[in-house]
Structures are given as structure tokens and as C-alpha cells.
$ cat upload-v1.txt   # compact mmCIF, C-alpha atoms
# COMPACT_ATOMS: atom_id res chain seq x y z
CA MET M 1 0.00 0.00 0.00
CA ALA M 2 1.27 3.48 -0.84
CA SER M 3 2.44 5.65 2.01
CA LEU M 4 0.33 8.51 3.35
CA LYS M 5 2.76 11.04 1.95
CA ALA M 6 2.68 9.50 -1.52
CA LEU M 7 -1.13 9.41 -1.51
CA LYS M 8 -1.33 13.03 -0.37
CA ILE M 9 1.07 14.12 -3.12
CA ARG M 10 -0.93 12.21 -5.75
CA ILE M 11 -4.23 13.71 -4.59
CA GLY M 12 -2.73 17.19 -4.85
CA SER M 13 -1.40 16.40 -8.34
CA VAL M 14 -4.78 15.15 -9.56
CA LYS M 15 -6.50 18.23 -8.13
CA SER M 16 -4.07 20.46 -10.04
CA THR M 17 -4.78 18.52 -13.24
CA GLN M 18 -8.51 18.85 -12.62
CA LYS M 19 -8.19 22.63 -12.37
CA ILE M 20 -6.33 22.69 -15.70
CA THR M 21 -8.87 20.50 -17.52
CA LYS M 22 -11.75 22.56 -16.11
CA ALA M 23 -10.10 25.77 -17.33
CA MET M 24 -9.45 24.22 -20.77
CA LYS M 25 -13.12 23.20 -20.98
CA MET M 26 -14.19 26.79 -20.30
CA VAL M 27 -11.76 28.13 -22.92
CA ALA M 28 -12.99 25.59 -25.49
CA ALA M 29 -16.61 26.54 -24.74
CA ALA M 30 -15.83 30.23 -25.36
CA LYS M 31 -14.01 29.45 -28.63
CA LEU M 32 -16.69 27.01 -29.72
CA ARG M 33 -19.39 29.66 -29.87
CA ARG M 34 -17.41 31.84 -32.28
CA ALA M 35 -16.22 28.89 -34.35
CA GLN M 36 -19.74 27.43 -34.60
CA GLU M 37 -21.19 30.75 -35.74
CA ALA M 38 -18.47 31.08 -38.40
CA ALA M 39 -19.02 27.51 -39.64
CA GLU M 40 -22.79 27.87 -39.84
CA ALA M 41 -22.53 31.25 -41.56
CA GLY M 42 -20.27 29.86 -44.29
CA ARG M 43 -22.22 26.69 -45.07
CA PRO M 44 -24.99 28.14 -47.30
CA TYR M 45 -22.55 29.88 -49.64
CA ALA M 46 -20.23 26.87 -49.91
CA GLN M 47 -23.09 24.45 -50.50
CA ARG M 48 -24.80 26.69 -53.04
CA LEU M 49 -21.57 27.35 -54.94
CA GLU M 50 -20.87 23.62 -55.06
CA SER M 51 -24.34 22.91 -56.46
CA VAL M 52 -24.09 25.76 -59.02
CA VAL M 53 -20.72 24.52 -60.25
CA ALA M 54 -22.02 20.95 -60.47
CA SER M 55 -25.11 22.14 -62.36
CA LEU M 56 -23.03 24.13 -64.85
CA ALA M 57 -20.57 21.27 -65.29
CA SER M 58 -23.38 18.86 -66.06
CA LYS M 59 -24.55 21.08 -68.95
CA VAL M 60 -21.14 21.49 -70.58
CA THR M 61 -19.80 19.13 -73.18
CA VAL M 62 -16.20 18.40 -72.21
CA SER M 63 -13.74 19.21 -74.97
CA GLU M 64 -10.08 20.09 -75.38
CA SER M 65 -10.88 23.74 -74.67
CA SER M 66 -12.65 22.96 -71.40
CA PRO M 67 -10.97 24.03 -68.15
CA LYS M 68 -8.74 21.29 -66.75
CA LEU M 69 -10.49 21.52 -63.39
CA LEU M 70 -13.65 20.41 -65.23
CA ALA M 71 -12.29 17.97 -67.78
CA GLY M 72 -9.69 16.39 -65.50
CA THR M 73 -6.68 14.53 -66.82
CA GLY M 74 -8.69 11.73 -68.38
CA LYS M 75 -7.34 9.30 -65.79
CA ASP M 76 -7.97 8.41 -62.14
CA GLN M 77 -4.76 6.57 -61.34
CA VAL M 78 -3.15 9.01 -58.91
CA HIS M 79 -5.29 10.28 -56.02
CA LEU M 80 -4.27 13.10 -53.72
CA PHE M 81 -5.78 13.06 -50.23
CA VAL M 82 -5.97 16.54 -48.69
CA VAL M 83 -6.32 15.66 -45.01
CA ALA M 84 -7.30 18.68 -42.90
CA THR M 85 -6.82 18.27 -39.14
CA SER M 86 -5.33 20.51 -36.44
CA ASP M 87 -1.91 21.21 -34.98
CA LYS M 88 -3.02 20.64 -31.40
CA GLY M 89 -4.08 17.59 -29.45
CA LEU M 90 -6.25 17.07 -26.36
CA ALA M 91 -9.33 17.10 -28.62
CA GLY M 92 -10.61 13.58 -28.11
CA ALA M 93 -10.94 11.54 -31.30
CA PHE M 94 -11.27 14.60 -33.57
CA ASN M 95 -7.97 14.17 -35.44
CA THR M 96 -7.98 10.38 -35.23
CA ASN M 97 -11.40 10.01 -36.85
CA ILE M 98 -10.42 12.12 -39.87
CA ALA M 99 -7.15 10.22 -40.29
CA ARG M 100 -8.96 6.90 -39.90
CA LEU M 101 -11.39 7.73 -42.72
CA ALA M 102 -8.49 8.81 -44.97
CA ARG M 103 -6.54 5.65 -44.13
CA ARG M 104 -9.51 3.40 -44.90
CA ARG M 105 -10.17 5.09 -48.26
CA ALA M 106 -6.47 4.97 -49.12
CA GLN M 107 -6.30 1.26 -48.44
CA GLU M 108 -9.36 0.69 -50.65
CA LEU M 109 -7.81 2.59 -53.56
CA ILE M 110 -4.42 0.92 -53.13
CA ALA M 111 -6.18 -2.46 -53.22
CA GLU M 112 -7.62 -1.41 -56.60
CA GLY M 113 -4.13 -0.68 -57.90
CA LYS M 114 -4.32 3.11 -57.54
CA THR M 115 -1.60 5.41 -56.26
CA VAL M 116 -2.41 7.52 -53.21
CA LYS M 117 -0.53 10.63 -52.12
CA PHE M 118 -1.12 12.79 -49.05
CA TYR M 119 -1.27 16.56 -48.65
CA THR M 120 -1.85 17.37 -44.99
CA ILE M 121 -3.12 20.57 -43.39
CA GLY M 122 -2.41 20.09 -39.70
CA ARG M 123 0.41 18.39 -37.83
CA LYS M 124 -1.75 15.80 -36.05
CA GLY M 125 -3.09 14.25 -39.25
CA ARG M 126 0.39 13.89 -40.66
CA ALA M 127 1.65 12.26 -37.45
CA VAL M 128 -1.07 9.60 -37.60
CA LEU M 129 -0.82 8.81 -41.32
CA ASN M 130 2.96 8.98 -41.56
CA ARG M 131 3.28 5.72 -39.65
CA LEU M 132 1.31 3.83 -42.32
CA PHE M 133 2.25 5.75 -45.50
CA PRO M 134 5.72 7.20 -44.83
CA LYS M 135 6.66 7.53 -48.53
CA SER M 136 3.37 8.92 -49.81
CA PHE M 137 3.51 12.50 -48.50
CA VAL M 138 3.98 15.34 -50.97
CA HIS M 139 3.44 18.34 -48.71
CA GLY M 140 2.51 19.23 -45.15
CA ILE M 141 1.22 22.51 -43.71
CA GLU M 142 1.12 23.48 -40.04
CA PRO M 143 -1.59 26.16 -39.95
CA GLY M 144 -1.52 26.86 -36.21
CA ASP M 145 -4.78 28.00 -34.61
CA LEU M 146 -7.60 27.03 -36.98
CA GLY M 147 -9.81 29.78 -35.61
CA LYS M 148 -7.38 32.43 -36.87
CA LEU M 149 -7.17 31.21 -40.46
CA GLY M 150 -8.91 33.34 -43.07
CA PHE M 151 -10.00 32.98 -46.67
CA ALA M 152 -6.59 34.24 -47.86
CA ASP M 153 -4.97 31.17 -46.27
CA ALA M 154 -7.47 28.83 -47.90
CA ARG M 155 -6.92 30.54 -51.25
CA ALA M 156 -3.16 30.03 -50.93
CA TYR M 157 -3.68 26.31 -50.24
CA ALA M 158 -6.07 26.09 -53.20
CA ASP M 159 -3.62 27.82 -55.55
CA ASP M 160 -0.92 25.35 -54.54
CA LEU M 161 -3.21 22.38 -55.15
CA ILE M 162 -4.34 23.69 -58.55
CA ALA M 163 -0.72 24.31 -59.58
CA ARG M 164 0.20 20.75 -58.63
CA PHE M 165 -2.84 19.44 -60.54
CA GLU M 166 -1.95 21.38 -63.68
CA ALA M 167 1.63 20.10 -63.37
CA GLY M 168 0.29 16.55 -63.56
CA GLU M 169 1.18 15.45 -60.02
CA PHE M 170 -2.23 13.81 -59.48
CA ASP M 171 -5.50 13.05 -61.25
CA VAL M 172 -8.11 13.39 -58.48
CA ALA M 173 -8.04 15.28 -55.18
CA HIS M 174 -10.18 14.33 -52.18
CA LEU M 175 -10.69 16.59 -49.17
CA PHE M 176 -11.05 15.04 -45.70
CA TYR M 177 -12.33 17.07 -42.76
CA SER M 178 -14.78 16.89 -39.85
CA ASN M 179 -18.30 18.20 -40.41
CA PHE M 180 -19.60 19.87 -37.24
CA LYS M 181 -23.03 18.60 -36.16
CA SER M 182 -23.11 19.38 -32.44
CA VAL M 183 -20.85 19.52 -29.41
CA LEU M 184 -21.13 15.73 -29.10
CA THR M 185 -21.14 14.85 -32.80
CA GLN M 186 -18.52 15.62 -35.44
CA GLU M 187 -18.77 13.62 -38.65
CA PRO M 188 -15.61 12.79 -40.68
CA THR M 189 -16.34 13.73 -44.30
CA GLU M 190 -14.79 13.04 -47.70
CA GLN M 191 -15.36 15.38 -50.66
CA GLN M 192 -13.90 15.37 -54.17
CA ILE M 193 -12.68 18.87 -55.00
CA ILE M 194 -10.52 18.35 -58.12
CA PRO M 195 -11.81 17.88 -60.77
CA VAL M 196 -15.37 19.01 -60.06
CA ALA M 197 -17.61 16.07 -59.24
CA VAL M 198 -20.57 15.93 -61.63
CA PRO M 199 -23.43 14.05 -59.91
CA GLN M 200 -25.04 11.03 -61.49
CA GLY M 201 -28.12 12.07 -63.41
CA GLY M 202 -26.76 15.33 -64.79
CA ALA M 203 -28.28 18.75 -64.23
CA GLU M 204 -31.45 17.52 -62.55
CA THR M 205 -29.48 15.82 -59.80
CA ALA M 206 -27.14 18.78 -59.49
CA SER M 207 -30.05 21.06 -58.75
CA SER M 208 -31.28 18.67 -56.02
CA GLY M 209 -34.47 17.76 -57.78
CA ALA M 210 -35.66 21.31 -58.30
CA VAL M 211 -37.43 22.25 -61.51
CA THR M 212 -34.76 23.60 -63.86
CA ALA M 213 -35.63 26.64 -65.94
CA ALA M 214 -34.19 27.47 -69.33
CA VAL M 215 -31.19 29.68 -68.61
CA THR M 216 -29.05 31.58 -71.08
CA TYR M 217 -25.55 32.24 -69.76
CA GLU M 218 -23.53 35.25 -70.82
CA PRO M 219 -20.67 34.63 -71.23
CA ASP M 220 -20.95 30.91 -71.97
CA GLU M 221 -20.83 28.16 -69.36
CA GLU M 222 -17.17 27.31 -69.93
CA SER M 223 -16.08 30.92 -69.38
CA ILE M 224 -18.08 31.07 -66.16
CA LEU M 225 -16.65 27.76 -65.00
CA ALA M 226 -13.09 28.93 -65.73
CA ASP M 227 -13.63 31.60 -63.07
CA LEU M 228 -15.80 29.63 -60.65
CA LEU M 229 -13.84 26.37 -60.50
CA PRO M 230 -10.69 27.76 -58.79
CA ARG M 231 -12.88 29.80 -56.46
CA ASN M 232 -14.90 26.71 -55.60
CA VAL M 233 -11.74 24.83 -54.56
CA ALA M 234 -10.76 27.70 -52.26
CA ILE M 235 -14.27 27.98 -50.83
CA GLN M 236 -14.49 24.25 -50.09
CA LEU M 237 -11.10 24.37 -48.36
CA TYR M 238 -12.20 27.39 -46.34
CA ARG M 239 -15.42 25.59 -45.41
CA ALA M 240 -13.40 22.57 -44.24
CA ILE M 241 -11.19 24.82 -42.09
CA ARG M 242 -14.22 26.49 -40.49
CA GLU M 243 -15.93 23.14 -39.87
CA ASN M 244 -12.71 21.75 -38.39
CA ALA M 245 -12.33 24.76 -36.10
CA ALA M 246 -15.81 24.19 -34.65
CA SER M 247 -15.35 20.42 -34.49
CA GLU M 248 -12.01 20.74 -32.72
CA GLN M 249 -13.41 22.99 -29.99
CA GLY M 250 -16.53 20.83 -29.58
CA SER M 251 -14.45 17.67 -29.28
CA LYS M 252 -11.99 19.39 -26.93
CA MET M 253 -14.83 20.65 -24.74
CA THR M 254 -16.26 17.14 -24.45
CA ALA M 255 -12.84 15.59 -23.80
CA MET M 256 -11.97 18.12 -21.07
CA ASP M 257 -15.38 17.65 -19.45
CA ASN M 258 -14.79 13.88 -19.34
CA ALA M 259 -11.27 14.42 -18.00
CA THR M 260 -12.56 16.73 -15.25
CA ARG M 261 -15.18 14.21 -14.16
CA ASN M 262 -12.65 11.35 -14.27
CA ALA M 263 -10.26 13.40 -12.14
CA GLY M 264 -13.05 13.95 -9.61
CA ASP M 265 -13.73 10.20 -9.44
CA LEU M 266 -10.02 9.48 -9.01
CA ILE M 267 -9.75 12.05 -6.21
CA LYS M 268 -12.64 10.35 -4.39
CA ARG M 269 -10.99 6.92 -4.67
CA LEU M 270 -7.61 8.25 -3.57
CA SER M 271 -9.23 10.11 -0.65
CA ILE M 272 -10.92 6.90 0.53
CA GLN M 273 -7.61 5.04 0.21
CA TYR M 274 -5.81 7.84 2.08
CA ASN M 275 -8.36 7.85 4.92
CA ARG M 276 -8.16 4.07 5.26
CA ALA M 277 -4.38 4.15 5.38
CA ARG M 278 -4.44 6.99 7.89
CA GLN M 279 -6.96 5.14 10.05
CA ALA M 280 -4.84 1.99 9.90
CA ALA M 281 -1.75 3.97 10.92
CA ILE M 282 -3.58 5.56 13.86
CA THR M 283 -4.92 2.17 14.96
CA THR M 284 -1.43 0.68 14.81
CA GLU M 285 -0.01 3.51 16.92
CA LEU M 286 -2.78 3.09 19.51
CA VAL M 287 -2.14 -0.65 19.70
CA GLU M 288 1.57 -0.01 20.21
CA ILE M 289 0.88 2.56 22.97
CA ILE M 290 -1.55 0.24 24.77
CA SER M 291 0.81 -2.71 24.44
CA GLY M 292 3.68 -0.63 25.85
CA ALA M 293 1.58 0.58 28.78
CA GLU M 294 0.53 -2.99 29.64
CA ALA M 295 4.15 -4.14 29.53
CA LEU M 296 5.04 -1.55 32.16
$ encode --input "upload-v1.txt" --output "C-alpha cells"
Amino acid sequence: MASLKALKIRIGSVKSTQKITKAMKMVAAAKLRRAQEAAEAGRPYAQRLESVVASLASKVTVSESSPKLLAGTGKDQVHLFVVATSDKGLAGAFNTNIARLARRRAQELIAEGKTVKFYTIGRKGRAVLNRLFPKSFVHGIEPGDLGKLGFADARAYADDLIARFEAGEFDVAHLFYSNFKSVLTQEPTEQQIIPVAVPQGGAETASSGAVTAAVTYEPDEESILADLLPRNVAIQLYRAIRENAASEQGSKMTAMDNATRNAGDLIKRLSIQYNRARQAAITTELVEIISGAEAL
């Protein structure tokens, strides 16, 4: 059995840890509100732009003059996985769930004979995937605090990806991030961002079943797409960053709440153990005193 001094030191240590986790929970809760508002405010634009681009792409006949982001390379042999996580830990399974989805999809494509490369945004995602695919990384970014990233950062990442695509480094790019649902639920998500994914069923599916009107575009669809396609890549990356920022704080808040409660339970168990040991020590001392008095 541990000594009284050791138990007392451990109880004090756990209490200090509990204060830290409680403070981190409060900080995460404050950051979560701002991050959630930013994520929810950006969703309608990103979703609508994605549907508009898909609708336009479904009406265009792909030719040699079509934008490469629309036409693609004509192959799907090399896949680039853009895995967006965070640089910081202590956020529960937030980073692990995104990396797990990317790993599972990578293994499926490799089993089909495809080549998979990784482009990570966030140190934690790279750390997890690097153990399984050490030779498949092409680039890694450490963005720092996700809540402080703006559209200019997302646009820089998008420009880099588009330049690599036009240089022929990959055929298809998939974006992996965590879609924020609630404080308790963050859903790992995969989205094809390069080339634009045209839904099955053409324009009717792209417009989500709505009645499509006859629309005359000026300039033509390909000219509009040439401007919208790069912007769509940047917007989808920015959306993923905003969703990740909210998901990270939600997951961290839940993890710190669980850690605080676990620390409280541990303190109770250690306190009981300490009181029992102290009572046993007092009883032993009393027995020794009584035994000594009787011997006299």
C-alpha cells in the first residue's frame, strides 16, 4: 500500500490537473461559440456554390478547350488526399477520426491498384498517417490556430493544389475534414474537389431535384466555370477549415469535461484510500501505545 505522503502528493497532483482541464473546458466553450457561428454562416454559400458549379458542369460538353479543373486529366490513377486536421491535441478523437477515414479510403484505392498521395493541413493528421504511409507525402502545412485562419490562407492552399494538378502530379483530389453537427457529434467527411464532381443524373441531380428553368448564360458556361472552378476549390477548403475549427473545440470541450469528471472520481478513490491508510496507521499507533503501557 502506498504511504500517506505518496497518496497526499498524488491527490494534490490530480487536483491540479482537474483545475487545468476545467479551465481548458471553459476556454474551449468560449471558442466554440465563435467557431460554430463562423461555420454555420459559411455553409450556405459553400453548399450553393458547389451545387451551381455541379449544375453548370453537367450542362457542358467536355472538350479540349474545357478548363482542366472540369475535364480532368482523363485518368484516375493518382489520387491526392488533402487531409485537414489541427496542430493541437487534447481534442478527443477529432484528429484520429479524420485520419482513420483517410486511411480506410487509401487502403481501398491501393487495393484497386491506384496510387495515393497525401497533402496534410495540420500536424496531427500527418503524425497519424505517416506511420502507415511514410513515402506517400507530398506536402505538409502546419496552420496553427484554426480559428485564426482566413480565406486568404485557404486561397493560398487552393492555388498550390491547382498548380500541382496542372503540373500533372495527381489526377483526383479528395478533401477530408470533420463536419460539425453538435458539441457531441462531429462527422468525418470526404469530398472530391478536383476535378469538379458531376453528380449522377446530370443537371437535374445537381439542382437537387428542383425544376430547372431554361437559362441563357452570358458569357458561356465554360467561361463562367473557368472563373468559378478555382474559387470553388478555395471555398471548399475554407469551409473545411471552419468546420474543423468548430469540431475541434466541440471535441476538446467534451474531452476536457470527461477528464474533469474522471479526475473527480479518481480524487474520491484516492481520498478513501488515504483515509483508510491513515486510520490503519492511527490504529497501529494506539495498539503499540496500549501494548507498551501494559508491559510496564
$ residues_around --input "upload-v1.txt" --residues "Ala154 in chain M" --least-positions-apart "6" --cutoff "9 Å" --atoms "only C-alpha atoms" --output "list of chain:residue names"
M:Val233, M:Ala234, M:Ile235, M:Gln236, M:Leu237, M:Tyr238, M:Arg239, M:Ile241
$ closest_residue --input "upload-v1.txt" --among "M:Leu184, M:Val82, M:Val172, M:Ala127" --to "Ala158 in chain M" --atoms "all atoms listed in the file"
M:Val82
$ residues_around --input "upload-v1.txt" --residues "Glu187 in chain M" --least-positions-apart "3" --cutoff "12 Å" --atoms "all atoms listed in the file" --output "ChimeraX atom specification"
/M:93-98,100-101,176-184,190,240,243-244,246-248,250-251
$ write_last_selection --input "upload-v1.txt" --atoms "C-alpha atoms" --output "PDB file, in the coordinates of the input"
ATOM      1  CA  ALA M  93     -10.940  11.540 -31.300  1.00  0.00           C
ATOM      2  CA  PHE M  94     -11.270  14.600 -33.570  1.00  0.00           C
ATOM      3  CA  ASN M  95      -7.970  14.170 -35.440  1.00  0.00           C
ATOM      4  CA  THR M  96      -7.980  10.380 -35.230  1.00  0.00           C
ATOM      5  CA  ASN M  97     -11.400  10.010 -36.850  1.00  0.00           C
ATOM      6  CA  ILE M  98     -10.420  12.120 -39.870  1.00  0.00           C
ATOM      7  CA  ARG M 100      -8.960   6.900 -39.900  1.00  0.00           C
ATOM      8  CA  LEU M 101     -11.390   7.730 -42.720  1.00  0.00           C
ATOM      9  CA  PHE M 176     -11.050  15.040 -45.700  1.00  0.00           C
ATOM     10  CA  TYR M 177     -12.330  17.070 -42.760  1.00  0.00           C
ATOM     11  CA  SER M 178     -14.780  16.890 -39.850  1.00  0.00           C
ATOM     12  CA  ASN M 179     -18.300  18.200 -40.410  1.00  0.00           C
ATOM     13  CA  PHE M 180     -19.600  19.870 -37.240  1.00  0.00           C
ATOM     14  CA  LYS M 181     -23.030  18.600 -36.160  1.00  0.00           C
ATOM     15  CA  SER M 182     -23.110  19.380 -32.440  1.00  0.00           C
ATOM     16  CA  VAL M 183     -20.850  19.520 -29.410  1.00  0.00           C
ATOM     17  CA  LEU M 184     -21.130  15.730 -29.100  1.00  0.00           C
ATOM     18  CA  GLU M 190     -14.790  13.040 -47.700  1.00  0.00           C
ATOM     19  CA  ALA M 240     -13.400  22.570 -44.240  1.00  0.00           C
ATOM     20  CA  GLU M 243     -15.930  23.140 -39.870  1.00  0.00           C
ATOM     21  CA  ASN M 244     -12.710  21.750 -38.390  1.00  0.00           C
ATOM     22  CA  ALA M 246     -15.810  24.190 -34.650  1.00  0.00           C
ATOM     23  CA  SER M 247     -15.350  20.420 -34.490  1.00  0.00           C
ATOM     24  CA  GLU M 248     -12.010  20.740 -32.720  1.00  0.00           C
ATOM     25  CA  GLY M 250     -16.530  20.830 -29.580  1.00  0.00           C
ATOM     26  CA  SER M 251     -14.450  17.670 -29.280  1.00  0.00           C
TER      27      SER M 251
END
$ residues_around --input "upload-v1.txt" --residues "Lys15 in chain M" --least-positions-apart "6" --cutoff "8 Å" --atoms "all atoms listed in the file" --output "ChimeraX atom specification"
/M:263-264,267
$ closest_residue --input "upload-v1.txt" --among "M:Asp153, M:Asp159, M:Glu50, M:Asp171" --to "Lys114 in chain M" --atoms "all atoms listed in the file"
M:Asp171
$ atom_distance --input "upload-v1.txt" --atom1 "CA of Leu56 in chain M" --atom2 "CA of Pro44 in chain M"
18.1 Å
$ atom_distance --input "upload-v1.txt" --atom1 "CA of Thr61 in chain M" --atom2 "CA of Ala226 in chain M"
14.0 Å
$ residues_around --input "upload-v1.txt" --residues "Ala173 in chain M" --least-positions-apart "2" --cutoff "8 Å" --atoms "all atoms listed in the file" --output "list in words"
His79, Leu80, Phe81, Val82, Phe170, Asp171, Leu175, Gln192, Ile193, Ile194 and Pro195 of chain M
$ atom_distance --input "upload-v1.txt" --atom1 "CA of Ser86 in chain M" --atom2 "CA of Gly122 in chain M"
4.4 Å
$ closest_residue --input "upload-v1.txt" --among "M:Ile11, M:Leu266, M:Leu286, M:Val27" --to "Gln249 in chain M" --atoms "all atoms listed in the file"
M:Val27
$ closest_residue --input "upload-v1.txt" --among "M:Ala99, M:Val83, M:Leu146, M:Ala280" --to "Ile121 in chain M" --atoms "all atoms listed in the file"
M:Val83
